[in-house]
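> Starting off with a structure, shown below.
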Amino acid sequence: MKLLITGTAGFIGSNLVRYLLNHVDDLQIISLDSLEYAGDKINLENIPGGIESDRHRFIHGSICDTNLIDEIATEGIDGIINLAAHTHVDRAYYHPGVFIKNNVEGVLNLLRATARFDIKRYLQISTDEVYGSTQPEHPFDEKAPLRPGNYYSSSKAAADLYIAAAINTDGIDAVIVRGTNNFGPYQFPEKVIPFFTRRIIDGETLPLYGHGQQMRDWLYVEDFCRAIWLVFTRGVCGEIYNAGAGNHTSNLELSKKLVKTLDADYGLIKHVADRPGHDFCYAVNSDKIRKLGWRPDADFDTKLTETVIWYRDNQEWVNSIMTKSSADPDDESFFEKHYRHRT
Ligand code: DAU
């Protein structure tokens, strides 16, 4: 089977490629990534067989580039797994247009190619954020209405609606997976776990938004990769599958766990102005994917400790990925605006 997988130089994408090359035989991957601030080929360097092999080929490019997608589809592919997206909620507040371009127009481009080239299956990585905020004891199932609460999640919800339209209009075969907050190695250090870990190591304060009681359901990335592959191979056309871990943890509690793991001072935790429109909690009911045979295996505390140690022991990776991003003038201004003067 030959697949186009997009967004492979990012966090979940690179973990998925590594997972598939380790666990699935007879698979050829065409890996596409636009290598923007959070995507770096360094994340693919140690995949089995290397970046260029008979099982994996890397192409630098964007899902928005119709000619390129057509060129790839012309050589014959059996499916598309789309992980290419702008994903950071705080950045969406400053640059919502970038999110519409990549997360909506880019997806539409892939959907039209799926139809034109009769590609057998399209899988979209969506997010629990499309349902909006709730309480852990009131999880949303896949039939819940879409009530996105920020400029990132609204772009992901829009993409999900375009997929429904493509199934109905062009008759394509598509499935959607909505995951909760992933964590693990190779996550760009703007997301709270690698970001706070890096700051603790550098002896800097942890900018905890608002009261810090907001909660997230933490899912280990390898468990999510298994969910993606299961839905790609066994999911029913047109269906959506939630994948949550049941590890709800408040941001304050999470910050304390990170500080404790690195044996640092709890005084580093500093409450700062809240994120605009900060959703309190995301929670999903995962019964449907469990019926397909999935369940998360990871023990949260064990994997969190391993993840923190991975960032501590891979300073070269952290420095390299941050150097690339801060060389980008737009990105530097994001950190400048967003954190340096935040109180
Ligand atoms: O729920 C899945 C989603 O999880 C994905 O779809 C998104 O792409 C991904 O970015 C993530 O969204 P969050 O906004 O939940 O992740 P983030 O790591 O940015 O923030 C996690 C929590 O930590 C959130 O409640 C905000 C808080 N936070 C975050 C940062 C970066 C802080 O208190 N301070 C910070 O500096």
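FYI, nothing fancy with the structure tokens labels: chains A, B, ... in order, residues from 1 per chain, ligands from 1 as they appear.
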Produce as a list of chain:residue names the set of residues near ligand 1, where near means within 6 Å with only C-alpha atoms and all ligand atoms considered.
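Selection of residues at most 6 Å from ligand 1: A:Thr87, A:His88, A:Val89, A:Thr127, A:Asp128, A:Glu129, A:Thr180, A:Asn181, A:Glu190, A:Lys191, A:Val192, A:Pro207, A:Leu208, A:Tyr209, A:Gln214, A:Asn251.
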> Give me the residues within 9 Å of segment 308-311 of chain A as a PyMOL selection string, counting only C-alpha atoms and dropping any in the same chain fewer than 3 places off.
chain A and resi 184-186+193-194+197-198+258+261-262+303-305+314-315+317-318
> Write to file, as a short mmCIF file (atom, residue, chain, number, x, y, z; two decimals), in the first residue's frame, the residues of the selection just made, with all heavy atoms.

data_model
loop_
_atom_site.label_atom_id
_atom_site.label_comp_id
_atom_site.auth_asym_id
_atom_site.auth_seq_id
_atom_site.Cartn_x
_atom_site.Cartn_y
_atom_site.Cartn_z
N GLY A 184 4.31 13.81 24.19
CA GLY A 184 5.34 12.83 23.89
C GLY A 184 6.53 13.55 23.27
O GLY A 184 6.57 14.79 23.24
N PRO A 185 7.51 12.79 22.75
CA PRO A 185 8.70 13.41 22.17
C PRO A 185 8.42 14.13 20.86
O PRO A 185 7.43 13.83 20.19
CB PRO A 185 9.64 12.22 21.94
CG PRO A 185 8.78 11.02 21.93
CD PRO A 185 7.58 11.32 22.77
N TYR A 186 9.27 15.07 20.50
CA TYR A 186 9.23 15.82 19.24
C TYR A 186 8.08 16.83 19.13
O TYR A 186 7.72 17.23 18.04
CB TYR A 186 9.18 14.88 18.02
CG TYR A 186 10.34 13.94 17.91
CD1 TYR A 186 10.22 12.60 18.30
CD2 TYR A 186 11.58 14.37 17.42
CE1 TYR A 186 11.29 11.73 18.22
CE2 TYR A 186 12.65 13.49 17.32
CZ TYR A 186 12.50 12.17 17.72
OH TYR A 186 13.56 11.31 17.64
N ILE A 193 3.45 21.29 27.60
CA ILE A 193 4.39 20.37 28.27
C ILE A 193 5.85 20.64 27.86
O ILE A 193 6.68 20.91 28.73
CB ILE A 193 3.97 18.89 28.08
CG1 ILE A 193 2.68 18.65 28.89
CG2 ILE A 193 5.07 17.93 28.50
CD1 ILE A 193 2.08 17.26 28.76
N PRO A 194 6.18 20.65 26.55
CA PRO A 194 7.59 20.94 26.23
C PRO A 194 7.98 22.38 26.55
O PRO A 194 9.13 22.65 26.91
CB PRO A 194 7.68 20.65 24.73
CG PRO A 194 6.28 20.65 24.22
CD PRO A 194 5.41 20.24 25.36
N THR A 197 8.57 22.58 30.32
CA THR A 197 9.76 21.78 30.64
C THR A 197 11.03 22.57 30.30
O THR A 197 11.97 22.66 31.10
CB THR A 197 9.74 20.45 29.84
OG1 THR A 197 8.57 19.74 30.21
CG2 THR A 197 10.96 19.61 30.12
N ARG A 198 11.01 23.16 29.13
CA ARG A 198 12.17 23.93 28.69
C ARG A 198 12.43 25.10 29.64
O ARG A 198 13.56 25.40 30.01
CB ARG A 198 11.91 24.40 27.26
CG ARG A 198 12.98 25.28 26.71
CD ARG A 198 12.71 25.60 25.25
NE ARG A 198 13.34 26.87 24.95
CZ ARG A 198 12.70 27.96 24.59
NH1 ARG A 198 11.39 27.95 24.45
NH2 ARG A 198 13.36 29.07 24.34
N LEU A 258 5.42 18.71 36.48
CA LEU A 258 6.63 18.99 35.70
C LEU A 258 7.74 19.49 36.61
O LEU A 258 8.90 19.06 36.52
CB LEU A 258 6.33 20.02 34.60
CG LEU A 258 5.26 19.62 33.56
CD1 LEU A 258 5.00 20.76 32.59
CD2 LEU A 258 5.67 18.37 32.79
N THR A 261 9.09 16.61 38.71
CA THR A 261 9.92 15.66 37.94
C THR A 261 11.33 16.20 37.78
O THR A 261 12.30 15.45 37.82
CB THR A 261 9.30 15.42 36.54
OG1 THR A 261 7.96 15.00 36.72
CG2 THR A 261 10.06 14.39 35.75
N LEU A 262 11.44 17.51 37.61
CA LEU A 262 12.77 18.09 37.38
C LEU A 262 13.38 18.63 38.68
O LEU A 262 14.41 19.33 38.65
CB LEU A 262 12.68 19.19 36.31
CG LEU A 262 12.40 18.64 34.90
CD1 LEU A 262 11.99 19.75 33.95
CD2 LEU A 262 13.61 17.89 34.35
N LYS A 303 4.45 8.00 31.44
CA LYS A 303 4.82 8.57 30.14
C LYS A 303 5.15 10.05 30.26
O LYS A 303 5.99 10.57 29.51
CB LYS A 303 3.69 8.34 29.12
CG LYS A 303 3.62 6.92 28.65
CD LYS A 303 4.89 6.52 27.90
CE LYS A 303 4.90 5.05 27.56
NZ LYS A 303 6.21 4.58 27.06
N LEU A 304 4.50 10.74 31.20
CA LEU A 304 4.82 12.16 31.39
C LEU A 304 6.27 12.29 31.87
O LEU A 304 7.04 13.10 31.35
CB LEU A 304 3.85 12.81 32.38
CG LEU A 304 4.06 14.31 32.57
CD1 LEU A 304 3.77 15.08 31.28
CD2 LEU A 304 3.17 14.85 33.71
N THR A 305 6.65 11.46 32.84
CA THR A 305 8.04 11.50 33.34
C THR A 305 9.01 11.19 32.20
O THR A 305 9.99 11.92 31.97
CB THR A 305 8.23 10.50 34.49
OG1 THR A 305 7.28 10.81 35.50
CG2 THR A 305 9.63 10.56 35.06
N ASN A 314 17.45 15.81 25.45
CA ASN A 314 17.59 16.14 24.02
C ASN A 314 17.63 17.65 23.80
O ASN A 314 16.93 18.19 22.95
CB ASN A 314 16.44 15.49 23.22
CG ASN A 314 16.65 14.00 23.05
OD1 ASN A 314 17.37 13.57 22.15
ND2 ASN A 314 16.07 13.23 23.93
N GLN A 315 18.50 18.29 24.58
CA GLN A 315 18.65 19.74 24.50
C GLN A 315 19.09 20.19 23.11
O GLN A 315 18.73 21.25 22.64
CB GLN A 315 19.68 20.23 25.52
CG GLN A 315 19.15 20.27 26.94
CD GLN A 315 17.95 21.19 27.08
OE1 GLN A 315 18.03 22.37 26.82
NE2 GLN A 315 16.80 20.64 27.45
N TRP A 317 18.21 18.88 20.31
CA TRP A 317 16.98 18.94 19.49
C TRP A 317 16.20 20.22 19.82
O TRP A 317 15.78 20.94 18.91
CB TRP A 317 16.11 17.69 19.75
CG TRP A 317 14.80 17.74 19.02
CD1 TRP A 317 14.57 17.31 17.74
CD2 TRP A 317 13.56 18.29 19.48
NE1 TRP A 317 13.26 17.56 17.39
CE2 TRP A 317 12.62 18.15 18.44
CE3 TRP A 317 13.15 18.89 20.68
CZ2 TRP A 317 11.29 18.59 18.56
CZ3 TRP A 317 11.84 19.32 20.80
CH2 TRP A 317 10.92 19.17 19.74
N VAL A 318 16.04 20.50 21.12
CA VAL A 318 15.28 21.69 21.53
C VAL A 318 15.94 22.95 20.95
O VAL A 318 15.28 23.79 20.34
CB VAL A 318 15.21 21.81 23.08
CG1 VAL A 318 14.55 23.12 23.50
CG2 VAL A 318 14.46 20.62 23.68
#
> Between A:Gly39, A:Gly203, A:Gly106, A:Gly210, which is the closest to Pro276 of chain A once you count only C-alpha atoms?
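For Pro276 of chain A, the nearest of the candidates is A:Gly210.
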> Compare A:Leu35, A:Ala243, A:Leu21, A:Val236 by their minimum atom-to-atom distance to Asp141 of chain A, counting only C-alpha atoms, and give me the closest one.
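For Asp141 of chain A, the nearest of the candidates is A:Ala243.
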> Compile the contact shell of Arg91 of chain A as a list of chain:residue names: residues with an atom at most 10 Å away, counting only C-alpha atoms, same-chain residues fewer than 3 positions apart removed.
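The contact residues come out as A:His86, A:Thr87, A:His88, A:Tyr94, A:His95, A:Pro96, A:Val98, A:Phe99, A:Tyr151, A:Tyr152, A:Glu190, A:Asp331, A:Phe334, A:Phe335, A:His338.
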> Skip His248 of chain A itself and residues of its chain fewer than 2 positions away, then list as a ChimeraX atom specification all residues within 12 Å of it, counting only C-alpha atoms.
/A:134-137,139,180-181,213-219,244-246,250-254,280-284,300-301
> Put those residues in a file: C-alpha atoms, as a CSV table (one decimal), in the first residue's frame.

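Ended up saving to part20.csv:
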chain,number,residue,atom,x,y,z
A,134,THR,CA,-17.4,21.1,28.8
A,135,GLN,CA,-16.8,19.3,32.1
A,136,PRO,CA,-15.0,15.9,32.3
A,137,GLU,CA,-18.2,14.3,33.6
A,139,PRO,CA,-18.0,14.2,27.6
A,180,THR,CA,-7.5,14.9,22.8
A,181,ASN,CA,-4.3,16.7,23.8
A,213,GLN,CA,-7.8,25.2,36.9
A,214,GLN,CA,-8.5,24.6,33.2
A,215,MET,CA,-8.2,20.9,32.3
A,216,ARG,CA,-7.0,18.9,29.4
A,217,ASP,CA,-7.2,15.1,28.7
A,218,TRP,CA,-3.6,14.0,28.0
A,219,LEU,CA,-3.2,11.2,25.4
A,244,GLY,CA,-9.5,10.3,24.4
A,245,ALA,CA,-7.4,9.0,27.3
A,246,GLY,CA,-9.4,9.8,30.4
A,250,SER,CA,-5.7,20.8,35.6
A,251,ASN,CA,-2.9,23.0,34.2
A,252,LEU,CA,-1.8,23.8,37.8
A,253,GLU,CA,-1.6,20.2,38.7
A,254,LEU,CA,0.3,19.5,35.4
A,280,PHE,CA,-12.1,25.4,30.4
A,281,CYS,CA,-12.1,21.7,29.5
A,282,TYR,CA,-12.4,19.3,26.6
A,283,ALA,CA,-13.8,15.9,27.1
A,284,VAL,CA,-14.9,13.2,24.6
A,300,PHE,CA,-0.1,9.0,32.2
A,301,ASP,CA,2.4,9.6,35.1
> Could you pull out the helix (DSSP H, G or I) residues of segment 130-242 of chain A, going by DSSP on the backbone, and write them as a ChimeraX atom specification?
/A:130-131,151-170,192-201,221-234
> DSSP on the backbone, then: every residue of segment 52-252 of chain A marked strand (DSSP E), written as a PyMOL selection string.
chain A and resi 56-60+79-82+121-127+174-179+181-183+206-209+215-220+240-243+248-250
> Take the residues that were just selected and, keeping C-alpha atoms, output them as a PDB file, in the first residue's frame.

ATOM      1  CA  HIS A  56       9.758   6.433   2.832  1.00  0.00           C
ATOM      2  CA  ARG A  57      10.264   9.438   0.588  1.00  0.00           C
ATOM      3  CA  PHE A  58      10.172  13.054   1.722  1.00  0.00           C
ATOM      4  CA  ILE A  59       8.744  15.915  -0.347  1.00  0.00           C
ATOM      5  CA  HIS A  60       9.002  19.543   0.744  1.00  0.00           C
ATOM      6  CA  GLY A  79      -4.850   6.823   0.576  1.00  0.00           C
ATOM      7  CA  ILE A  80      -4.149  10.138   2.267  1.00  0.00           C
ATOM      8  CA  ILE A  81      -3.656  10.747   5.983  1.00  0.00           C
ATOM      9  CA  ASN A  82      -3.699  14.482   6.626  1.00  0.00           C
ATOM     10  CA  ARG A 121      -9.541   6.626   1.485  1.00  0.00           C
ATOM     11  CA  TYR A 122      -8.910  10.032   3.097  1.00  0.00           C
ATOM     12  CA  LEU A 123      -8.311  10.340   6.847  1.00  0.00           C
ATOM     13  CA  GLN A 124      -8.438  13.693   8.605  1.00  0.00           C
ATOM     14  CA  ILE A 125      -6.867  14.410  11.982  1.00  0.00           C
ATOM     15  CA  SER A 126      -9.314  16.620  13.810  1.00  0.00           C
ATOM     16  CA  THR A 127      -9.509  17.606  17.469  1.00  0.00           C
ATOM     17  CA  ALA A 174     -13.326   9.699   4.251  1.00  0.00           C
ATOM     18  CA  VAL A 175     -13.016   9.217   7.997  1.00  0.00           C
ATOM     19  CA  ILE A 176     -12.177  11.638  10.802  1.00  0.00           C
ATOM     20  CA  VAL A 177     -10.348  11.072  14.104  1.00  0.00           C
ATOM     21  CA  ARG A 178     -10.798  13.635  16.896  1.00  0.00           C
ATOM     22  CA  GLY A 179      -8.049  13.293  19.462  1.00  0.00           C
ATOM     23  CA  ASN A 181      -4.257  16.749  23.814  1.00  0.00           C
ATOM     24  CA  ASN A 182      -1.300  14.663  22.664  1.00  0.00           C
ATOM     25  CA  PHE A 183       2.032  14.598  24.464  1.00  0.00           C
ATOM     26  CA  LEU A 206       6.045  29.076  33.969  1.00  0.00           C
ATOM     27  CA  PRO A 207       3.383  31.462  32.573  1.00  0.00           C
ATOM     28  CA  LEU A 208       0.235  29.687  33.773  1.00  0.00           C
ATOM     29  CA  TYR A 209      -2.832  31.239  32.157  1.00  0.00           C
ATOM     30  CA  MET A 215      -8.198  20.905  32.322  1.00  0.00           C
ATOM     31  CA  ARG A 216      -6.956  18.875  29.408  1.00  0.00           C
ATOM     32  CA  ASP A 217      -7.208  15.123  28.724  1.00  0.00           C
ATOM     33  CA  TRP A 218      -3.633  13.996  28.011  1.00  0.00           C
ATOM     34  CA  LEU A 219      -3.189  11.246  25.398  1.00  0.00           C
ATOM     35  CA  TYR A 220       0.224   9.704  24.733  1.00  0.00           C
ATOM     36  CA  ILE A 240     -16.045  10.225  12.977  1.00  0.00           C
ATOM     37  CA  TYR A 241     -14.144   8.614  15.859  1.00  0.00           C
ATOM     38  CA  ASN A 242     -13.228  10.348  19.124  1.00  0.00           C
ATOM     39  CA  ALA A 243     -10.028   9.246  20.851  1.00  0.00           C
ATOM     40  CA  HIS A 248      -7.987  14.946  32.850  1.00  0.00           C
ATOM     41  CA  THR A 249      -5.480  17.094  34.691  1.00  0.00           C
ATOM     42  CA  SER A 250      -5.674  20.770  35.580  1.00  0.00           C
TER      43      SER A 250
END
> In terms of the shortest atom-to-atom distance over only C-alpha atoms, which of A:Asn67, A:Ser286, A:Thr307, A:Ser62 is closest to Glu105 of chain A?
A:Ser62
> Between atom CA of Ala227 of chain A and atom CA of Phe11 of chain A, what is the distance in Å, rounded to a tenth?
15.7 Å
> Just how far from atom CA of Val130 of chain A is atom CA of Gly149 of chain A, in Å to one decimal?
7.8 Å
> Rank A:Lys270, A:Lys291, A:Arg226, A:Lys257 by their smallest atom-to-atom distance to Ile12 of chain A, using only C-alpha atoms, and report the top residue only.
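Among the listed residues, the smallest separation from Ile12 of chain A belongs to A:Arg226.
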> Using only C-alpha atoms, which residue out of A:Asn150, A:Thr114, A:Gln28, A:Asn22 lies closest to Ala73 of chain A?
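The closest residue to Ala73 of chain A is A:Thr114.
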> Closest to Leu3 of chain A among A:Phe232, A:Glu52, A:Ser155, A:Asp40, using only C-alpha atoms?
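Counting only C-alpha atoms, the residue closest to Leu3 of chain A is A:Phe232.
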